[in-house]
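So the structure is just underneath, and the comments pick up after that.
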Amino acid sequence: MPLKITLKATDPLNVAADIAVIGIVEGASPKAGVLATLSKALGQIVPKTLKREEFSGKKDQMVEFATNGKLKPARVVLMGLGSSALSTAQVRLLAAKAARFAQAGRATSLSLEIPFGVTGGERAAAEGVVLGAYRFTKYLTGDRLPKSSLESVTLTTTARLDKTARANVDVGRQVGESICLARDLINEPPNELYPESLAKYCQDMCKERGLKCTVFDKPALQKRGMKLILAVGQGSTHDPRLIHMVYTPEADAAGGKRAPRKKLVFIGKGLTFDSGGLCIKPAQGMEDMKGDMGGAANVVALMAALSVLKPNVEVHGIIGSAENMPDGDAYRPADIFTSLDGKTVEIINTDAEGRLVLADVLAYGRELKPDLMLDNATLTGACIVALGTLTSGFYANQDELADKVKVAAREAGESMWHMPLIEELREGLKSDWADLKHTADRWGGSITAALFLREFVGNTPWVHIDIAGPSMAQRAYGIYSKGGTGHGVLTFLQLIEGYAAGAPAAG
């Protein structure tokens, strides 16, 4: 059942709810505003508790009060906002924490005050509560099912309301729900989600949302000469798929005058399960390899969100999906295959399969002549070694593009770090028997993976984002849930909105 979100111009303490969450700016006077109202209603317990807990509104501080029927909310939670001006990303984070706290406290209703004066605060708050309330319970039964869940959220504000503010809340709710599609897909077990079923999911989603979707099955991939993606999948009973989704602005879709717009391509690695192939992975942790399609899940979520936001750009979401399994037909180290763009590739390690899938998809995507081609993938453990589990590494073949990603990630509140394309490491990809080896030495593994992908990009403006760390989480944190996170989608939306607001495409 979708979370019900309403917006009201009222004091948060005037809303009947199981929990009311209110942000407190650092240094706020206890004799004014919400703190004064709380003290008046609940008595000396408020200042005494604040003093005992040393609560001053510093970022991440939190204190809770039971109102015992003296106020409309049953419980009031104060969350410290810090002293700096809030961004939309921080409002989203506050809302996600509030919803997660309410969910953990078995609350069915939540009242949340939107900090005043933050541009886009209504949308960000709605996104945040949806993301914070997310749980994947599809396969739980009986006593394992949650006994309660958050059903309704009232966002309160001291600002004057209009239709735009209410519309922004609805957009935020739908964008949050779109990101949760990525989480659902990542959390699905691999016996239920495999290339064919992922393709069917995309087709159904696109049909529901008015997007175009084309799926290439094994014969179609063979006809096109996409031998790298076919090689990765040839050891599985589930054949690979290439999924091509298209969002077109309404002016074009309706046959109207062609609006000035740019063409953007977003690509996702969709390994629905990665055993490592013949170079099989250790058993410990292999269950997490159901999430090796996190990049593909992000592309699905992105396309769903675009059907809500409707920016004036043309966006292609392309997924290369396969299952990497070991059997008598599996590809081997020392095999050589020809890629879609004609380069021959010597296989070194069958567990480095994602870059092979992406190579063919990148070559396919560049044929669209986009203004930007961005791929995201759970690609290398080396990136996790370099940056940890909370940060993605990204590469770009143009400094201007790298700057755009930095800004978009910062505005989205997602942790991404610009990594270098060190040219000297390209030497490690040279093969004695083919045009390229697909892996190099162990050292700088995330960089050499990016250098390999660059071979298939040509002159296209290109960004590669290695989301191996934050695509799945071992615990809930920030705006992210345990399991699949959808990390990256908010950054992609920021990028797209920037292109939509920019100059028309050349030509």
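Simple scheme: letters A, B, ... for chains in structure tokens order, numbers from 1 for residues in each chain, numbers from 1 for ligands in the order shown.
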(request) Can you list, as an MDAnalysis selection string, all residues belonging to range 63-105 of chain A that DSSP tags as alpha helix (DSSP H)? (result) chainID A and resid 88:104
For the residues selected in the previous step, produce a file with C-alpha atoms as a PDB file, in the first residue's frame.
ATOM      1  CA  THR A  88      17.500  20.099  -0.319  1.00  0.00           C
ATOM      2  CA  ALA A  89      19.710  17.037   0.213  1.00  0.00           C
ATOM      3  CA  GLN A  90      19.749  17.685   3.954  1.00  0.00           C
ATOM      4  CA  VAL A  91      15.963  18.076   4.020  1.00  0.00           C
ATOM      5  CA  ARG A  92      15.674  14.737   2.215  1.00  0.00           C
ATOM      6  CA  LEU A  93      18.030  13.185   4.760  1.00  0.00           C
ATOM      7  CA  LEU A  94      16.048  14.596   7.702  1.00  0.00           C
ATOM      8  CA  ALA A  95      12.835  13.195   6.253  1.00  0.00           C
ATOM      9  CA  ALA A  96      14.378   9.763   5.628  1.00  0.00           C
ATOM     10  CA  LYS A  97      15.675   9.581   9.204  1.00  0.00           C
ATOM     11  CA  ALA A  98      12.282  10.646  10.542  1.00  0.00           C
ATOM     12  CA  ALA A  99      10.446   7.986   8.548  1.00  0.00           C
ATOM     13  CA  ARG A 100      12.938   5.277   9.523  1.00  0.00           C
ATOM     14  CA  PHE A 101      12.623   6.249  13.190  1.00  0.00           C
ATOM     15  CA  ALA A 102       8.835   6.151  12.946  1.00  0.00           C
ATOM     16  CA  GLN A 103       8.943   2.772  11.193  1.00  0.00           C
ATOM     17  CA  ALA A 104      11.260   1.336  13.849  1.00  0.00           C
TER      18      ALA A 104
END
(message) Between A:Ser307, A:Gln474, A:Ser321, A:Thr350, which residue has the minimum interatomic distance to Thr272 in chain A, considering only C-alpha atoms?
(response)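 Nearest candidate to Thr272 in chain A out of A:Ser307, A:Gln474, A:Ser321, A:Thr350: A:Ser321.
Nearest residue to Ile422 in chain A among A:Ser446, A:Ile384, A:Gln61, A:Ala434 is A:Ser446, counting only C-alpha atoms.
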(message) I'd like the contact shell of Thr380 in chain A - 9 Å cut-off, only C-alpha atoms, skipping same-chain residues fewer than 4 positions apart - returned as an MDAnalysis selection string.
(response) chainID A and resid 352 354 384 445:446 449 466:469
Could the residues of range 411-484 of chain A that have an atom at most 9 Å from range 133-157 of chain A be listed as CSV, each with its closest atom pair and the distance in Å to one decimal, counting only C-alpha atoms and ordered by chain and ascending residue number?
residue,atom,partner,partner_atom,distance
A:Tyr480,CA,A:Tyr134,CA,8.9
A:Ser481,CA,A:Tyr134,CA,6.9
A:Lys482,CA,A:Arg135,CA,8.5
A:Gly483,CA,A:Phe136,CA,8.7
Restricted to C-alpha atoms, what would the selected residues look like written as a PDB file, in the first residue's frame?
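Saved to result-v8.pdb:
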ATOM      1  CA  TYR A 480      19.493   4.338   2.159  1.00  0.00           C
ATOM      2  CA  SER A 481      17.922   1.093   3.309  1.00  0.00           C
ATOM      3  CA  LYS A 482      19.591  -2.199   4.153  1.00  0.00           C
ATOM      4  CA  GLY A 483      20.015  -4.219   0.965  1.00  0.00           C
TER       5      GLY A 483
END
